[in-house]
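Asker: I am attaching a structure below and will ask some questions about it afterwards.
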Amino acid sequence: SVGVVSTAVCSYLPEILRAFRRQSPNLNIDIYEMEPGEQMDALTKETIDLGLLFLSIQDPAFDSALVSRERLIAAIPTGHPAASRDKVRLSDLAEETVLIPRRQTVSGFHELVLNMLHSNGVTAPRLQPTRLLTTAVFLVSGHLGVALVPESFRHHLRVRGCVYRDLAGPPAYADLIGVWRRNDQT
């Protein structure tokens, strides 16, 4: 039983599932789309065996491993002035509403985006929380704001009305982590 964030579904989950199938064709895999806090609760309650989420785990009850590291890019509405550029400075988006996954009971992608905005001079961003990061991209296409998303969205989540642009300056990364209960052989 595997808990996944929606972002993993759009990026590395299909590749991981194909590898599982090649190694263990008879293995039964159940996938549950869950927010990070829900995954940690489910791991604790032993209702899932593995979680895939953007989170740094410091809990001795769990082990974790880096699954993927993705560069963050901007999702911008078509027709936005920044959409005509190859690279976008976050300071150029300071007046925009930032569509961001809602805050969880555990730190993760929400805090990553806030830290990125603050370190690039956007100290008081106007935020619109969403349950799923994929939802944010569809809201971007409706001209409700902008979003920071993993680079895999550029290839796997094409939405009419939304363009993806690289960020100017030093790259920022989102780490997809696999988490499981320590000493769990499953």
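Here's how to read the names in the structure tokens: chain A, B, ... by the order shown, residue numbers from 1 in each chain, ligand numbers from 1 in the order shown.
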Fewer than 3 positions away in the same chain doesn't count, so skip those; otherwise give me all residues within 6 Å of segment 75-90 of chain A, counting only C-alpha atoms, as a list of chain:residue names.

Answerer: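 The neighbour list is A:Leu93, A:Val140, A:Ser141, A:His143, A:Val146, A:Ala147, A:Gly161, A:Cys162, A:Val163, A:Tyr164, A:Arg165, A:Asp166, A:Leu167, A:Ala168.
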
Asker: Quick one: everything within 12 Å of Pro14 of chain A, counting only C-alpha atoms, minus sequence neighbours fewer than 5 positions away in the same chain. Send it as a PDB file with all heavy atoms, in the first residue's frame.

Answerer:
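Result written to around.pdb:
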```
ATOM      1  N   VAL A   4       0.601   8.507  -2.051  1.00  0.00           N
ATOM      2  CA  VAL A   4       1.336   9.397  -2.952  1.00  0.00           C
ATOM      3  C   VAL A   4       0.710  10.788  -2.958  1.00  0.00           C
ATOM      4  O   VAL A   4      -0.503  10.924  -2.838  1.00  0.00           O
ATOM      5  CB  VAL A   4       1.380   8.850  -4.398  1.00  0.00           C
ATOM      6  CG1 VAL A   4       2.091   7.512  -4.459  1.00  0.00           C
ATOM      7  CG2 VAL A   4       0.002   8.736  -5.001  1.00  0.00           C
ATOM      8  N   THR A   7       1.559  15.294  -7.007  1.00  0.00           N
ATOM      9  CA  THR A   7       2.722  15.671  -7.804  1.00  0.00           C
ATOM     10  C   THR A   7       3.495  14.438  -8.255  1.00  0.00           C
ATOM     11  O   THR A   7       3.992  14.395  -9.372  1.00  0.00           O
ATOM     12  CB  THR A   7       3.635  16.598  -6.973  1.00  0.00           C
ATOM     13  OG1 THR A   7       2.825  17.627  -6.413  1.00  0.00           O
ATOM     14  CG2 THR A   7       4.704  17.216  -7.818  1.00  0.00           C
ATOM     15  N   ALA A   8       3.583  13.428  -7.405  1.00  0.00           N
ATOM     16  CA  ALA A   8       4.284  12.197  -7.773  1.00  0.00           C
ATOM     17  C   ALA A   8       3.564  11.469  -8.897  1.00  0.00           C
ATOM     18  O   ALA A   8       4.191  10.846  -9.753  1.00  0.00           O
ATOM     19  CB  ALA A   8       4.428  11.279  -6.559  1.00  0.00           C
ATOM     20  N   VAL A   9       2.231  11.564  -8.904  1.00  0.00           N
ATOM     21  CA  VAL A   9       1.442  10.924  -9.959  1.00  0.00           C
ATOM     22  C   VAL A   9       1.800  11.531 -11.305  1.00  0.00           C
ATOM     23  O   VAL A   9       1.843  10.845 -12.324  1.00  0.00           O
ATOM     24  CB  VAL A   9      -0.073  11.067  -9.676  1.00  0.00           C
ATOM     25  CG1 VAL A   9      -0.905  10.548 -10.821  1.00  0.00           C
ATOM     26  CG2 VAL A   9      -0.431  10.346  -8.382  1.00  0.00           C
ATOM     27  N   ALA A  19       8.948  -0.179 -12.847  1.00  0.00           N
ATOM     28  CA  ALA A  19      10.096  -0.895 -12.280  1.00  0.00           C
ATOM     29  C   ALA A  19       9.637  -1.969 -11.304  1.00  0.00           C
ATOM     30  O   ALA A  19      10.164  -3.091 -11.317  1.00  0.00           O
ATOM     31  CB  ALA A  19      11.032   0.097 -11.589  1.00  0.00           C
ATOM     32  N   PHE A  20       8.637  -1.645 -10.455  1.00  0.00           N
ATOM     33  CA  PHE A  20       8.082  -2.655  -9.544  1.00  0.00           C
ATOM     34  C   PHE A  20       7.536  -3.835 -10.328  1.00  0.00           C
ATOM     35  O   PHE A  20       7.761  -4.994  -9.977  1.00  0.00           O
ATOM     36  CB  PHE A  20       6.954  -2.074  -8.693  1.00  0.00           C
ATOM     37  CG  PHE A  20       7.398  -1.392  -7.431  1.00  0.00           C
ATOM     38  CD1 PHE A  20       6.718  -0.267  -6.981  1.00  0.00           C
ATOM     39  CD2 PHE A  20       8.450  -1.868  -6.670  1.00  0.00           C
ATOM     40  CE1 PHE A  20       7.096   0.377  -5.813  1.00  0.00           C
ATOM     41  CE2 PHE A  20       8.839  -1.237  -5.500  1.00  0.00           C
ATOM     42  CZ  PHE A  20       8.162  -0.110  -5.068  1.00  0.00           C
ATOM     43  N   ARG A  21       6.797  -3.551 -11.380  1.00  0.00           N
ATOM     44  CA  ARG A  21       6.179  -4.619 -12.186  1.00  0.00           C
ATOM     45  C   ARG A  21       7.233  -5.508 -12.839  1.00  0.00           C
ATOM     46  O   ARG A  21       7.055  -6.718 -12.936  1.00  0.00           O
ATOM     47  CB  ARG A  21       5.257  -4.028 -13.257  1.00  0.00           C
ATOM     48  CG  ARG A  21       3.982  -3.465 -12.704  1.00  0.00           C
ATOM     49  CD  ARG A  21       3.042  -4.606 -12.327  1.00  0.00           C
ATOM     50  NE  ARG A  21       1.849  -4.059 -11.718  1.00  0.00           N
ATOM     51  CZ  ARG A  21       1.349  -4.469 -10.578  1.00  0.00           C
ATOM     52  NH1 ARG A  21       1.918  -5.442  -9.915  1.00  0.00           N
ATOM     53  NH2 ARG A  21       0.276  -3.926 -10.091  1.00  0.00           N
ATOM     54  N   ILE A  31      -2.537   2.023  -4.637  1.00  0.00           N
ATOM     55  CA  ILE A  31      -2.110   3.413  -4.608  1.00  0.00           C
ATOM     56  C   ILE A  31      -3.220   4.262  -3.991  1.00  0.00           C
ATOM     57  O   ILE A  31      -4.384   4.137  -4.369  1.00  0.00           O
ATOM     58  CB  ILE A  31      -1.808   3.932  -6.032  1.00  0.00           C
ATOM     59  CG1 ILE A  31      -0.726   3.079  -6.705  1.00  0.00           C
ATOM     60  CG2 ILE A  31      -1.433   5.406  -6.011  1.00  0.00           C
ATOM     61  CD1 ILE A  31       0.639   3.180  -6.065  1.00  0.00           C
ATOM     62  N   HIS A 156       4.578  16.450 -18.320  1.00  0.00           N
ATOM     63  CA  HIS A 156       3.497  15.521 -18.012  1.00  0.00           C
ATOM     64  C   HIS A 156       2.152  16.160 -17.700  1.00  0.00           C
ATOM     65  O   HIS A 156       1.156  15.447 -17.563  1.00  0.00           O
ATOM     66  CB  HIS A 156       3.888  14.627 -16.828  1.00  0.00           C
ATOM     67  CG  HIS A 156       5.124  13.829 -17.071  1.00  0.00           C
ATOM     68  ND1 HIS A 156       5.184  12.813 -18.002  1.00  0.00           N
ATOM     69  CD2 HIS A 156       6.362  13.907 -16.515  1.00  0.00           C
ATOM     70  CE1 HIS A 156       6.405  12.293 -18.004  1.00  0.00           C
ATOM     71  NE2 HIS A 156       7.129  12.935 -17.118  1.00  0.00           N
TER      72      HIS A 156
END
```

Asker: Rank A:Leu133, A:Ile177, A:Ala124, A:Ala74 by their smallest atom-to-atom distance to Leu13 of chain A, using only C-alpha atoms, and report the top residue only.

Answerer: A:Ile177

Asker: Looking at only C-alpha atoms, which of A:Glu35, A:Asp184, A:Glu70, A:Glu111 is the one that sits closest to Leu50 of chain A?

Answerer: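 Under the stated criterion, the closest residue is A:Asp184.
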
Asker: Give me the residues near Leu43 of chain A as a ChimeraX atom specification, where near means some atom within 12 Å (using only C-alpha atoms) and where sequence neighbours in that chain fewer than 2 positions away do not count.

Answerer: /A:1-4,34,36-41,45-52,61-63,178-182,184

Asker: Based on the selection just made, write N, CA and C atoms of those residues as a tab-separated table (two decimals), in the first residue's frame.

Answerer:
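result-v6.tsv, freshly written:
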```tsv
chain	number	residue	atom	x	y	z
A	1	SER	N	0.85	-1.18	0.00
A	1	SER	CA	0.00	0.00	0.00
A	1	SER	C	0.89	1.23	0.00
A	2	VAL	N	0.66	2.08	-0.99
A	2	VAL	CA	1.51	3.25	-1.19
A	2	VAL	C	0.67	4.51	-1.18
A	3	GLY	N	1.02	5.47	-0.33
A	3	GLY	CA	0.41	6.79	-0.34
A	3	GLY	C	1.25	7.70	-1.22
A	4	VAL	N	0.60	8.51	-2.05
A	4	VAL	CA	1.34	9.40	-2.95
A	4	VAL	C	0.71	10.79	-2.96
A	34	MET	N	-2.87	10.91	-1.31
A	34	MET	CA	-3.02	11.47	0.04
A	34	MET	C	-2.11	12.68	0.20
A	36	PRO	N	0.47	15.00	2.45
A	36	PRO	CA	1.59	14.55	3.30
A	36	PRO	C	1.19	14.21	4.73
A	37	GLY	N	0.38	15.04	5.37
A	37	GLY	CA	-0.04	14.76	6.74
A	37	GLY	C	-0.83	13.47	6.83
A	38	GLU	N	-1.69	13.23	5.84
A	38	GLU	CA	-2.48	12.00	5.79
A	38	GLU	C	-1.56	10.79	5.64
A	39	GLN	N	-0.51	10.93	4.82
A	39	GLN	CA	0.43	9.82	4.64
A	39	GLN	C	1.15	9.48	5.93
A	40	MET	N	1.61	10.51	6.64
A	40	MET	CA	2.32	10.24	7.89
A	40	MET	C	1.41	9.58	8.91
A	41	ASP	N	0.14	10.01	8.98
A	41	ASP	CA	-0.83	9.36	9.87
A	41	ASP	C	-1.05	7.90	9.45
A	45	LYS	N	-0.34	4.52	11.55
A	45	LYS	CA	-1.43	3.57	11.82
A	45	LYS	C	-1.29	2.27	11.03
A	46	GLU	N	-0.21	2.17	10.23
A	46	GLU	CA	0.10	0.98	9.43
A	46	GLU	C	-0.99	0.66	8.40
A	47	THR	N	-1.62	1.70	7.86
A	47	THR	CA	-2.60	1.47	6.79
A	47	THR	C	-1.97	1.63	5.41
A	48	ILE	N	-0.75	2.20	5.34
A	48	ILE	CA	0.05	2.17	4.12
A	48	ILE	C	1.45	1.71	4.51
A	49	ASP	N	2.17	1.18	3.52
A	49	ASP	CA	3.53	0.69	3.76
A	49	ASP	C	4.60	1.70	3.37
A	50	LEU	N	4.26	2.56	2.41
A	50	LEU	CA	5.22	3.49	1.87
A	50	LEU	C	4.52	4.80	1.55
A	51	GLY	N	5.19	5.90	1.80
A	51	GLY	CA	4.68	7.21	1.42
A	51	GLY	C	5.62	7.87	0.44
A	52	LEU	N	5.08	8.57	-0.55
A	52	LEU	CA	5.88	9.36	-1.48
A	52	LEU	C	5.43	10.80	-1.34
A	61	ALA	N	11.13	6.96	14.07
A	61	ALA	CA	10.23	5.84	13.77
A	61	ALA	C	10.21	5.51	12.28
A	62	PHE	N	10.80	6.38	11.45
A	62	PHE	CA	10.73	6.20	10.00
A	62	PHE	C	12.11	6.25	9.36
A	63	ASP	N	12.23	5.53	8.25
A	63	ASP	CA	13.38	5.64	7.37
A	63	ASP	C	12.89	6.32	6.10
A	178	GLY	N	10.75	8.91	-0.41
A	178	GLY	CA	10.04	7.69	-0.04
A	178	GLY	C	10.20	7.50	1.46
A	179	VAL	N	9.10	7.27	2.18
A	179	VAL	CA	9.13	7.14	3.65
A	179	VAL	C	8.45	5.83	4.04
A	180	TRP	N	9.05	5.11	4.98
A	180	TRP	CA	8.45	3.87	5.48
A	180	TRP	C	8.79	3.72	6.97
A	181	ARG	N	8.05	2.84	7.63
A	181	ARG	CA	8.30	2.58	9.05
A	181	ARG	C	9.65	1.84	9.17
A	182	ARG	N	10.45	2.31	10.11
A	182	ARG	CA	11.75	1.67	10.35
A	182	ARG	C	11.54	0.20	10.70
A	184	ASP	N	10.37	-2.11	8.93
A	184	ASP	CA	9.25	-2.74	8.23
A	184	ASP	C	9.80	-3.40	6.97
```

Asker: Apply DSSP to the structure's backbone, then extract all residues of chain A labelled strand (DSSP E or B) and return them as a PyMOL selection string.

Answerer: chain A and resi 2-4+31-33+50-53+62-77+87-88+97-101+126-130+146-150+162-167+173-181

Asker: Only C-alpha atoms, please: the residues just picked out, written as an mmCIF file, in the first residue's frame.

Answerer:
```cif
data_model
loop_
_atom_site.group_PDB
_atom_site.id
_atom_site.type_symbol
_atom_site.label_atom_id
_atom_site.label_comp_id
_atom_site.auth_asym_id
_atom_site.auth_seq_id
_atom_site.Cartn_x
_atom_site.Cartn_y
_atom_site.Cartn_z
ATOM 1 C CA VAL A 2 1.515 3.246 -1.185
ATOM 2 C CA GLY A 3 0.410 6.786 -0.344
ATOM 3 C CA VAL A 4 1.336 9.397 -2.952
ATOM 4 C CA ILE A 31 -2.110 3.413 -4.608
ATOM 5 C CA TYR A 32 -3.775 6.037 -2.410
ATOM 6 C CA GLU A 33 -3.591 9.714 -3.298
ATOM 7 C CA LEU A 50 5.224 3.491 1.866
ATOM 8 C CA GLY A 51 4.676 7.214 1.416
ATOM 9 C CA LEU A 52 5.879 9.358 -1.479
ATOM 10 C CA LEU A 53 5.925 13.013 -0.522
ATOM 11 C CA PHE A 62 10.726 6.201 9.999
ATOM 12 C CA ASP A 63 13.378 5.642 7.366
ATOM 13 C CA SER A 64 13.442 7.573 4.115
ATOM 14 C CA ALA A 65 15.250 7.764 0.807
ATOM 15 C CA LEU A 66 15.454 10.340 -1.951
ATOM 16 C CA VAL A 67 13.330 9.197 -4.905
ATOM 17 C CA SER A 68 13.845 12.200 -7.181
ATOM 18 C CA ARG A 69 15.092 15.766 -7.155
ATOM 19 C CA GLU A 70 13.318 18.194 -9.448
ATOM 20 C CA ARG A 71 14.043 21.784 -10.285
ATOM 21 C CA LEU A 72 11.190 24.195 -9.586
ATOM 22 C CA ILE A 73 9.742 26.208 -12.453
ATOM 23 C CA ALA A 74 6.967 28.794 -12.743
ATOM 24 C CA ALA A 75 3.488 28.046 -14.100
ATOM 25 C CA ILE A 76 2.180 31.277 -15.645
ATOM 26 C CA PRO A 77 -1.043 32.104 -17.506
ATOM 27 C CA LYS A 87 13.321 32.882 -17.618
ATOM 28 C CA VAL A 88 11.250 34.607 -14.956
ATOM 29 C CA THR A 97 -1.534 35.626 -6.372
ATOM 30 C CA VAL A 98 0.570 32.536 -5.717
ATOM 31 C CA LEU A 99 -1.365 29.285 -5.909
ATOM 32 C CA ILE A 100 0.250 27.029 -3.336
ATOM 33 C CA PRO A 101 -0.536 23.671 -1.736
ATOM 34 C CA ARG A 126 -0.747 36.981 -1.725
ATOM 35 C CA LEU A 127 -1.428 33.239 -1.335
ATOM 36 C CA GLN A 128 -4.297 31.084 -2.570
ATOM 37 C CA PRO A 129 -4.032 27.612 -1.011
ATOM 38 C CA THR A 130 -5.150 24.568 -2.993
ATOM 39 C CA VAL A 146 0.881 31.776 -10.754
ATOM 40 C CA ALA A 147 2.442 28.692 -9.175
ATOM 41 C CA LEU A 148 5.823 27.117 -8.550
ATOM 42 C CA VAL A 149 5.817 23.496 -9.658
ATOM 43 C CA PRO A 150 8.292 20.647 -10.270
ATOM 44 C CA CYS A 162 -0.752 27.743 -18.840
ATOM 45 C CA VAL A 163 2.909 27.984 -19.826
ATOM 46 C CA TYR A 164 5.944 26.877 -17.858
ATOM 47 C CA ARG A 165 9.028 29.035 -17.529
ATOM 48 C CA ASP A 166 12.404 28.490 -15.911
ATOM 49 C CA LEU A 167 13.243 30.647 -12.916
ATOM 50 C CA TYR A 173 14.784 21.915 -5.986
ATOM 51 C CA ALA A 174 11.928 19.847 -4.623
ATOM 52 C CA ASP A 175 12.920 16.439 -3.258
ATOM 53 C CA LEU A 176 10.421 13.600 -3.564
ATOM 54 C CA ILE A 177 11.062 11.288 -0.618
ATOM 55 C CA GLY A 178 10.036 7.693 -0.037
ATOM 56 C CA VAL A 179 9.129 7.135 3.650
ATOM 57 C CA TRP A 180 8.454 3.870 5.484
ATOM 58 C CA ARG A 181 8.304 2.577 9.047
#
```

Asker: Between atom CA of Arg131 of chain A and atom CA of Arg102 of chain A, what is the distance, to one decimal in Å?

Answerer: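 Going from atom CA of Arg131 of chain A over to atom CA of Arg102 of chain A, I get 5.9 Å.
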